[in-house]
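Chemist: To start, I am sharing the structure in question, which I have written as C-alpha coordinates.
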Amino acid sequence: MSGHTPPIRRENKREITDSNRLDPVADRRAARSFTLWREVLVAYLAPALMAGAGGVASGQSGLTMAAFTSISGTSAVVALLIGSWLQRRGRSRPWTTALPRVMVAAILAVGAAAIAGLVGWFASRWLPAHTSVVDTARLARLQLDLPISVAAVIVSWRWRRQNP
(Lines give C-alpha, C1' and ligand atoms only; values in the text may rest on other atoms or scores of the structure.)
Protein backbone atom coordinates (compact mmCIF):
# COMPACT_ATOMS: atom_id res chain seq x y z
CA MET A 1 0.00 0.00 0.00
CA SER A 2 1.35 3.29 -0.93
CA GLY A 3 0.18 6.43 0.73
CA HIS A 4 0.92 8.78 3.50
CA THR A 5 2.05 7.15 6.72
CA PRO A 6 2.04 9.01 10.03
CA PRO A 7 5.42 10.17 11.29
CA ILE A 8 7.24 7.93 13.73
CA ARG A 9 7.23 9.32 17.23
CA ARG A 10 10.62 9.54 18.87
CA GLU A 11 11.68 10.18 22.45
CA ASN A 12 15.36 10.55 23.27
CA LYS A 13 16.25 9.46 19.72
CA ARG A 14 14.32 6.20 20.18
CA GLU A 15 11.27 5.16 18.19
CA ILE A 16 8.12 4.82 20.26
CA THR A 17 5.84 2.06 19.10
CA ASP A 18 2.98 0.19 20.74
CA SER A 19 5.29 -2.68 21.63
CA ASN A 20 7.97 -0.64 23.41
CA ARG A 21 5.78 1.98 25.05
CA LEU A 22 6.17 1.68 28.80
CA ASP A 23 3.00 3.38 29.94
CA PRO A 24 0.30 4.33 27.42
CA VAL A 25 -1.62 6.16 30.16
CA ALA A 26 1.40 8.40 30.79
CA ASP A 27 1.14 9.68 27.22
CA ARG A 28 -2.42 10.87 27.87
CA ARG A 29 -1.41 12.40 31.22
CA ALA A 30 1.50 14.27 29.64
CA ALA A 31 -0.77 15.67 26.94
CA ARG A 32 -3.12 17.21 29.52
CA SER A 33 -1.68 20.49 30.69
CA PHE A 34 -2.00 22.20 34.05
CA THR A 35 -5.18 24.27 33.96
CA LEU A 36 -5.62 26.61 36.91
CA TRP A 37 -9.42 26.94 36.85
CA ARG A 38 -9.79 23.15 36.89
CA GLU A 39 -7.44 22.88 39.88
CA VAL A 40 -9.33 25.60 41.77
CA LEU A 41 -12.67 23.93 41.04
CA VAL A 42 -11.42 20.58 42.33
CA ALA A 43 -9.87 22.30 45.36
CA TYR A 44 -13.31 23.73 46.16
CA LEU A 45 -15.47 20.70 45.39
CA ALA A 46 -13.42 17.97 47.08
CA PRO A 47 -13.46 19.36 50.64
CA ALA A 48 -16.99 20.74 50.19
CA LEU A 49 -18.38 17.34 49.31
CA MET A 50 -16.32 15.38 51.86
CA ALA A 51 -16.87 17.71 54.83
CA GLY A 52 -20.47 18.37 53.76
CA ALA A 53 -21.20 14.64 53.67
CA GLY A 54 -19.59 14.27 57.09
CA GLY A 55 -21.70 17.11 58.47
CA VAL A 56 -24.91 15.64 57.05
CA ALA A 57 -24.08 12.12 58.25
CA SER A 58 -23.25 13.28 61.79
CA GLY A 59 -26.05 15.82 61.99
CA GLN A 60 -23.67 18.75 62.51
CA SER A 61 -25.19 21.69 60.68
CA GLY A 62 -22.19 23.88 61.56
CA LEU A 63 -19.83 21.50 59.78
CA THR A 64 -22.14 21.32 56.77
CA MET A 65 -22.24 25.12 56.57
CA ALA A 66 -18.46 25.42 57.03
CA ALA A 67 -17.88 22.75 54.37
CA PHE A 68 -19.33 24.94 51.64
CA THR A 69 -18.00 28.26 52.95
CA SER A 70 -14.80 28.48 54.96
CA ILE A 71 -13.32 25.00 54.45
CA SER A 72 -13.77 24.71 50.69
CA GLY A 73 -13.47 28.45 50.15
CA THR A 74 -10.04 28.61 51.76
CA SER A 75 -8.99 25.52 49.86
CA ALA A 76 -9.96 27.20 46.58
CA VAL A 77 -8.16 30.42 47.55
CA VAL A 78 -5.00 28.52 48.47
CA ALA A 79 -5.17 26.58 45.19
CA LEU A 80 -5.64 29.81 43.23
CA LEU A 81 -2.74 31.58 44.94
CA ILE A 82 -0.25 28.72 44.74
CA GLY A 83 -1.33 27.64 41.27
CA SER A 84 -0.99 31.14 39.84
CA TRP A 85 2.38 31.60 41.58
CA LEU A 86 3.62 28.31 40.13
CA GLN A 87 2.39 29.20 36.66
CA ARG A 88 4.05 32.62 36.71
CA ARG A 89 7.24 31.98 38.62
CA GLY A 90 7.53 28.24 39.16
CA ARG A 91 9.83 27.50 36.24
CA SER A 92 12.07 30.45 37.06
CA ARG A 93 12.62 29.12 40.60
CA PRO A 94 15.20 26.33 40.24
CA TRP A 95 14.12 24.51 43.40
CA THR A 96 10.58 23.96 42.05
CA THR A 97 11.85 21.83 39.18
CA ALA A 98 15.11 20.50 40.64
CA LEU A 99 13.72 18.99 43.85
CA PRO A 100 11.66 15.81 43.83
CA ARG A 101 7.93 16.33 43.52
CA VAL A 102 7.27 15.22 47.09
CA MET A 103 9.71 17.84 48.44
CA VAL A 104 8.12 20.67 46.44
CA ALA A 105 4.67 19.64 47.67
CA ALA A 106 5.88 19.40 51.28
CA ILE A 107 7.62 22.78 51.22
CA LEU A 108 4.60 24.54 49.73
CA ALA A 109 2.21 22.75 52.10
CA VAL A 110 4.18 23.76 55.20
CA GLY A 111 4.54 27.31 53.91
CA ALA A 112 0.82 27.59 53.09
CA ALA A 113 -0.17 26.13 56.48
CA ALA A 114 2.11 28.57 58.31
CA ILE A 115 0.78 31.58 56.42
CA ALA A 116 -2.81 30.34 56.81
CA GLY A 117 -2.29 29.83 60.54
CA LEU A 118 -1.07 33.40 60.88
CA VAL A 119 -4.03 34.72 58.91
CA GLY A 120 -6.39 32.65 61.07
CA TRP A 121 -4.79 33.94 64.25
CA PHE A 122 -4.95 37.51 62.97
CA ALA A 123 -8.63 37.23 62.04
CA SER A 124 -9.76 35.44 65.18
CA ARG A 125 -7.59 37.05 67.88
CA TRP A 126 -6.01 40.31 66.76
CA LEU A 127 -8.94 41.84 64.86
CA PRO A 128 -11.53 41.46 67.67
CA ALA A 129 -9.03 42.75 70.26
CA HIS A 130 -7.97 45.84 68.30
CA THR A 131 -10.96 46.75 66.12
CA SER A 132 -14.73 46.82 66.33
CA VAL A 133 -14.99 43.39 64.68
CA VAL A 134 -17.07 41.16 66.93
CA ASP A 135 -15.45 37.90 68.03
CA THR A 136 -17.67 35.15 66.63
CA ALA A 137 -17.42 31.41 66.48
CA ARG A 138 -16.96 31.70 62.71
CA LEU A 139 -13.78 33.74 63.18
CA ALA A 140 -12.46 31.19 65.68
CA ARG A 141 -12.98 28.42 63.12
CA LEU A 142 -10.56 30.17 60.77
CA GLN A 143 -7.65 28.97 62.87
CA LEU A 144 -8.71 25.40 62.05
CA ASP A 145 -10.16 25.81 58.56
CA LEU A 146 -7.27 27.70 57.01
CA PRO A 147 -4.32 25.44 57.95
CA ILE A 148 -6.06 22.16 57.15
CA SER A 149 -6.32 23.06 53.49
CA VAL A 150 -4.45 20.45 51.48
CA ALA A 151 -4.86 22.39 48.27
CA ALA A 152 -1.22 23.44 48.42
CA VAL A 153 -0.12 19.83 48.26
CA ILE A 154 -2.50 18.83 45.50
CA VAL A 155 -1.86 21.82 43.25
CA SER A 156 1.91 21.71 43.62
CA TRP A 157 1.96 17.94 43.12
CA ARG A 158 -0.04 18.19 39.90
CA TRP A 159 1.90 21.23 38.62
CA ARG A 160 5.22 19.51 39.27
CA ARG A 161 4.05 16.42 37.36
CA GLN A 162 3.40 18.61 34.31
CA ASN A 163 6.74 20.46 34.68
CA PRO A 164 9.44 17.85 35.31
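Note on naming: chains are A, B, ... as they come in the C-alpha coordinates, residues start from 1 per chain, ligands start from 1 in the order shown.
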Which residues, written as an mmCIF file with N, CA, C and O atoms, in the first residue's frame, have at least one atom at most 12 Å from range 35-44 of chain A, with only C-alpha atoms counted and residues fewer than 5 positions away on the same chain left out?

Modeler:
data_model
loop_
_atom_site.group_PDB
_atom_site.id
_atom_site.type_symbol
_atom_site.label_atom_id
_atom_site.label_comp_id
_atom_site.auth_asym_id
_atom_site.auth_seq_id
_atom_site.Cartn_x
_atom_site.Cartn_y
_atom_site.Cartn_z
ATOM 1 N N LEU A 49 -17.594 18.575 49.327
ATOM 2 C CA LEU A 49 -18.375 17.336 49.310
ATOM 3 C C LEU A 49 -18.017 16.414 50.474
ATOM 4 O O LEU A 49 -18.899 15.830 51.102
ATOM 5 N N MET A 50 -16.737 16.289 50.777
ATOM 6 C CA MET A 50 -16.323 15.380 51.860
ATOM 7 C C MET A 50 -16.771 15.899 53.224
ATOM 8 O O MET A 50 -17.366 15.172 54.016
ATOM 9 N N ALA A 51 -16.482 17.162 53.532
ATOM 10 C CA ALA A 51 -16.872 17.711 54.831
ATOM 11 C C ALA A 51 -18.389 17.888 54.902
ATOM 12 O O ALA A 51 -18.987 17.688 55.966
ATOM 13 N N GLY A 52 -19.007 18.249 53.789
ATOM 14 C CA GLY A 52 -20.468 18.371 53.765
ATOM 15 C C GLY A 52 -21.147 17.039 54.026
ATOM 16 O O GLY A 52 -22.124 16.962 54.779
ATOM 17 N N ALA A 67 -18.402 23.517 55.510
ATOM 18 C CA ALA A 67 -17.880 22.754 54.374
ATOM 19 C C ALA A 67 -18.003 23.535 53.082
ATOM 20 O O ALA A 67 -17.093 23.511 52.249
ATOM 21 N N PHE A 68 -19.101 24.230 52.894
ATOM 22 C CA PHE A 68 -19.333 24.942 51.642
ATOM 23 C C PHE A 68 -18.885 26.395 51.689
ATOM 24 O O PHE A 68 -18.926 27.083 50.686
ATOM 25 N N THR A 69 -18.446 26.866 52.850
ATOM 26 C CA THR A 69 -18.000 28.262 52.951
ATOM 27 C C THR A 69 -16.516 28.315 53.287
ATOM 28 O O THR A 69 -15.683 28.415 52.399
ATOM 29 N N SER A 70 -16.182 28.230 54.558
ATOM 30 C CA SER A 70 -14.797 28.482 54.958
ATOM 31 C C SER A 70 -13.840 27.344 54.604
ATOM 32 O O SER A 70 -12.713 27.604 54.200
ATOM 33 N N ILE A 71 -14.242 26.107 54.724
ATOM 34 C CA ILE A 71 -13.320 24.999 54.447
ATOM 35 C C ILE A 71 -12.988 24.936 52.955
ATOM 36 O O ILE A 71 -11.834 25.002 52.547
ATOM 37 N N SER A 72 -14.025 24.823 52.129
ATOM 38 C CA SER A 72 -13.775 24.709 50.689
ATOM 39 C C SER A 72 -13.361 26.050 50.080
ATOM 40 O O SER A 72 -12.591 26.084 49.131
ATOM 41 N N GLY A 73 -13.854 27.132 50.648
ATOM 42 C CA GLY A 73 -13.466 28.452 50.147
ATOM 43 C C GLY A 73 -11.980 28.716 50.338
ATOM 44 O O GLY A 73 -11.302 29.199 49.430
ATOM 45 N N THR A 74 -11.469 28.397 51.530
ATOM 46 C CA THR A 74 -10.042 28.610 51.756
ATOM 47 C C THR A 74 -9.202 27.653 50.919
ATOM 48 O O THR A 74 -8.123 28.026 50.463
ATOM 49 N N SER A 75 -9.715 26.469 50.714
ATOM 50 C CA SER A 75 -8.993 25.525 49.861
ATOM 51 C C SER A 75 -8.892 26.060 48.440
ATOM 52 O O SER A 75 -7.833 25.990 47.805
ATOM 53 N N ALA A 76 -9.976 26.628 47.932
ATOM 54 C CA ALA A 76 -9.959 27.199 46.582
ATOM 55 C C ALA A 76 -9.039 28.408 46.504
ATOM 56 O O ALA A 76 -8.308 28.586 45.523
ATOM 57 N N VAL A 77 -9.039 29.244 47.539
ATOM 58 C CA VAL A 77 -8.162 30.422 47.545
ATOM 59 C C VAL A 77 -6.697 29.997 47.558
ATOM 60 O O VAL A 77 -5.869 30.538 46.816
ATOM 61 N N VAL A 78 -6.376 29.011 48.406
ATOM 62 C CA VAL A 78 -4.995 28.520 48.465
ATOM 63 C C VAL A 78 -4.588 27.932 47.115
ATOM 64 O O VAL A 78 -3.493 28.180 46.625
ATOM 65 N N ALA A 79 -5.470 27.158 46.501
ATOM 66 C CA ALA A 79 -5.169 26.579 45.187
ATOM 67 C C ALA A 79 -4.958 27.667 44.141
ATOM 68 O O ALA A 79 -4.050 27.576 43.313
ATOM 69 N N LEU A 80 -5.780 28.706 44.181
ATOM 70 C CA LEU A 80 -5.641 29.806 43.231
ATOM 71 C C LEU A 80 -4.316 30.538 43.428
ATOM 72 O O LEU A 80 -3.593 30.807 42.461
ATOM 73 N N LEU A 81 -3.979 30.845 44.670
ATOM 74 C CA LEU A 81 -2.740 31.583 44.938
ATOM 75 C C LEU A 81 -1.497 30.776 44.567
ATOM 76 O O LEU A 81 -0.602 31.269 43.874
ATOM 77 N N ILE A 82 -1.437 29.532 45.022
ATOM 78 C CA ILE A 82 -0.251 28.716 44.745
ATOM 79 C C ILE A 82 -0.181 28.330 43.276
ATOM 80 O O ILE A 82 0.885 28.363 42.668
ATOM 81 N N GLY A 83 -1.320 27.992 42.690
ATOM 82 C CA GLY A 83 -1.328 27.635 41.270
ATOM 83 C C GLY A 83 -0.903 28.782 40.376
ATOM 84 O O GLY A 83 -0.126 28.601 39.441
ATOM 85 N N SER A 84 -1.395 29.999 40.669
ATOM 86 C CA SER A 84 -0.993 31.137 39.842
ATOM 87 C C SER A 84 0.472 31.495 40.079
ATOM 88 O O SER A 84 1.172 31.873 39.139
ATOM 89 N N TRP A 85 0.955 31.346 41.316
ATOM 90 C CA TRP A 85 2.377 31.595 41.577
ATOM 91 C C TRP A 85 3.244 30.596 40.820
ATOM 92 O O TRP A 85 4.246 30.972 40.209
ATOM 93 N N LEU A 86 2.840 29.324 40.836
ATOM 94 C CA LEU A 86 3.620 28.311 40.128
ATOM 95 C C LEU A 86 3.597 28.554 38.621
ATOM 96 O O LEU A 86 4.619 28.369 37.954
ATOM 97 N N GLN A 87 2.459 28.944 38.088
ATOM 98 C CA GLN A 87 2.391 29.199 36.655
ATOM 99 C C GLN A 87 3.258 30.379 36.243
ATOM 100 O O GLN A 87 3.899 30.355 35.206
ATOM 101 N N ARG A 88 3.267 31.438 37.056
ATOM 102 C CA ARG A 88 4.046 32.624 36.705
ATOM 103 C C ARG A 88 5.524 32.468 37.001
ATOM 104 O O ARG A 88 6.368 32.837 36.217
ATOM 105 N N SER A 149 -6.160 23.114 54.928
ATOM 106 C CA SER A 149 -6.318 23.060 53.489
ATOM 107 C C SER A 149 -5.162 22.283 52.875
ATOM 108 O O SER A 149 -4.002 22.619 53.065
ATOM 109 N N VAL A 150 -5.482 21.259 52.141
ATOM 110 C CA VAL A 150 -4.449 20.453 51.478
ATOM 111 C C VAL A 150 -4.307 20.852 50.008
ATOM 112 O O VAL A 150 -3.631 20.182 49.239
ATOM 113 N N ALA A 151 -4.929 21.946 49.658
ATOM 114 C CA ALA A 151 -4.859 22.387 48.268
ATOM 115 C C ALA A 151 -3.436 22.675 47.836
ATOM 116 O O ALA A 151 -3.076 22.447 46.680
ATOM 117 N N ALA A 152 -2.614 23.152 48.755
ATOM 118 C CA ALA A 152 -1.222 23.440 48.417
ATOM 119 C C ALA A 152 -0.508 22.182 47.948
ATOM 120 O O ALA A 152 0.249 22.200 46.985
ATOM 121 N N VAL A 153 -0.756 21.088 48.628
ATOM 122 C CA VAL A 153 -0.119 19.827 48.262
ATOM 123 C C VAL A 153 -0.622 19.348 46.909
ATOM 124 O O VAL A 153 0.162 18.986 46.024
ATOM 125 N N ILE A 154 -1.919 19.364 46.723
ATOM 126 C CA ILE A 154 -2.501 18.831 45.496
ATOM 127 C C ILE A 154 -2.077 19.655 44.280
ATOM 128 O O ILE A 154 -1.648 19.109 43.261
ATOM 129 N N VAL A 155 -2.191 20.960 44.395
ATOM 130 C CA VAL A 155 -1.858 21.818 43.248
ATOM 131 C C VAL A 155 -0.384 21.718 42.903
ATOM 132 O O VAL A 155 -0.021 21.577 41.737
ATOM 133 N N SER A 156 0.487 21.784 43.913
ATOM 134 C CA SER A 156 1.915 21.715 43.618
ATOM 135 C C SER A 156 2.308 20.342 43.094
ATOM 136 O O SER A 156 3.157 20.219 42.219
ATOM 137 N N TRP A 157 1.683 19.295 43.591
ATOM 138 C CA TRP A 157 1.958 17.940 43.117
ATOM 139 C C TRP A 157 1.599 17.816 41.639
ATOM 140 O O TRP A 157 2.371 17.313 40.833
ATOM 141 N N ARG A 158 0.415 18.306 41.283
ATOM 142 C CA ARG A 158 -0.037 18.185 39.899
ATOM 143 C C ARG A 158 0.752 19.111 38.972
ATOM 144 O O ARG A 158 1.048 18.748 37.843
ATOM 145 N N TRP A 159 1.101 20.320 39.442
ATOM 146 C CA TRP A 159 1.898 21.232 38.624
ATOM 147 C C TRP A 159 3.272 20.634 38.360
ATOM 148 O O TRP A 159 3.785 20.664 37.252
ATOM 149 N N GLN A 162 3.447 18.063 35.667
ATOM 150 C CA GLN A 162 3.398 18.607 34.313
ATOM 151 C C GLN A 162 4.678 19.343 33.928
ATOM 152 O O GLN A 162 4.900 19.626 32.773
#

Chemist: Mind pulling up the distance from CA of Ala116 in chain A to CA of Leu99 in chain A?

Modeler: 23.9 Å

Chemist: Between CA of Ala46 in chain A and CA of Thr64 in chain A, what is the spacing in Å?

Modeler: 13.5 Å

Chemist: Find the distance between CA of Ala66 in chain A and CA of Thr136 in chain A and write it in Å to one decimal.

Modeler: 13.7 Å

Chemist: For the alpha helix (DSSP H) assignment from backbone DSSP, which residues of range 56-93 of chain A qualify? Please present them as a list in words.

Modeler: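 Across range 56-93 of chain A, those assigned alpha helix (DSSP H) are Val56, Ala57, Ser58, Ser61, Gly62, Leu63, Thr64, Met65, Ala66, Ser72, Gly73, Thr74, Ser75, Ala76, Val77, Val78, Ala79, Leu80, Leu81, Ile82, Gly83, Ser84 and Trp85 of chain A.
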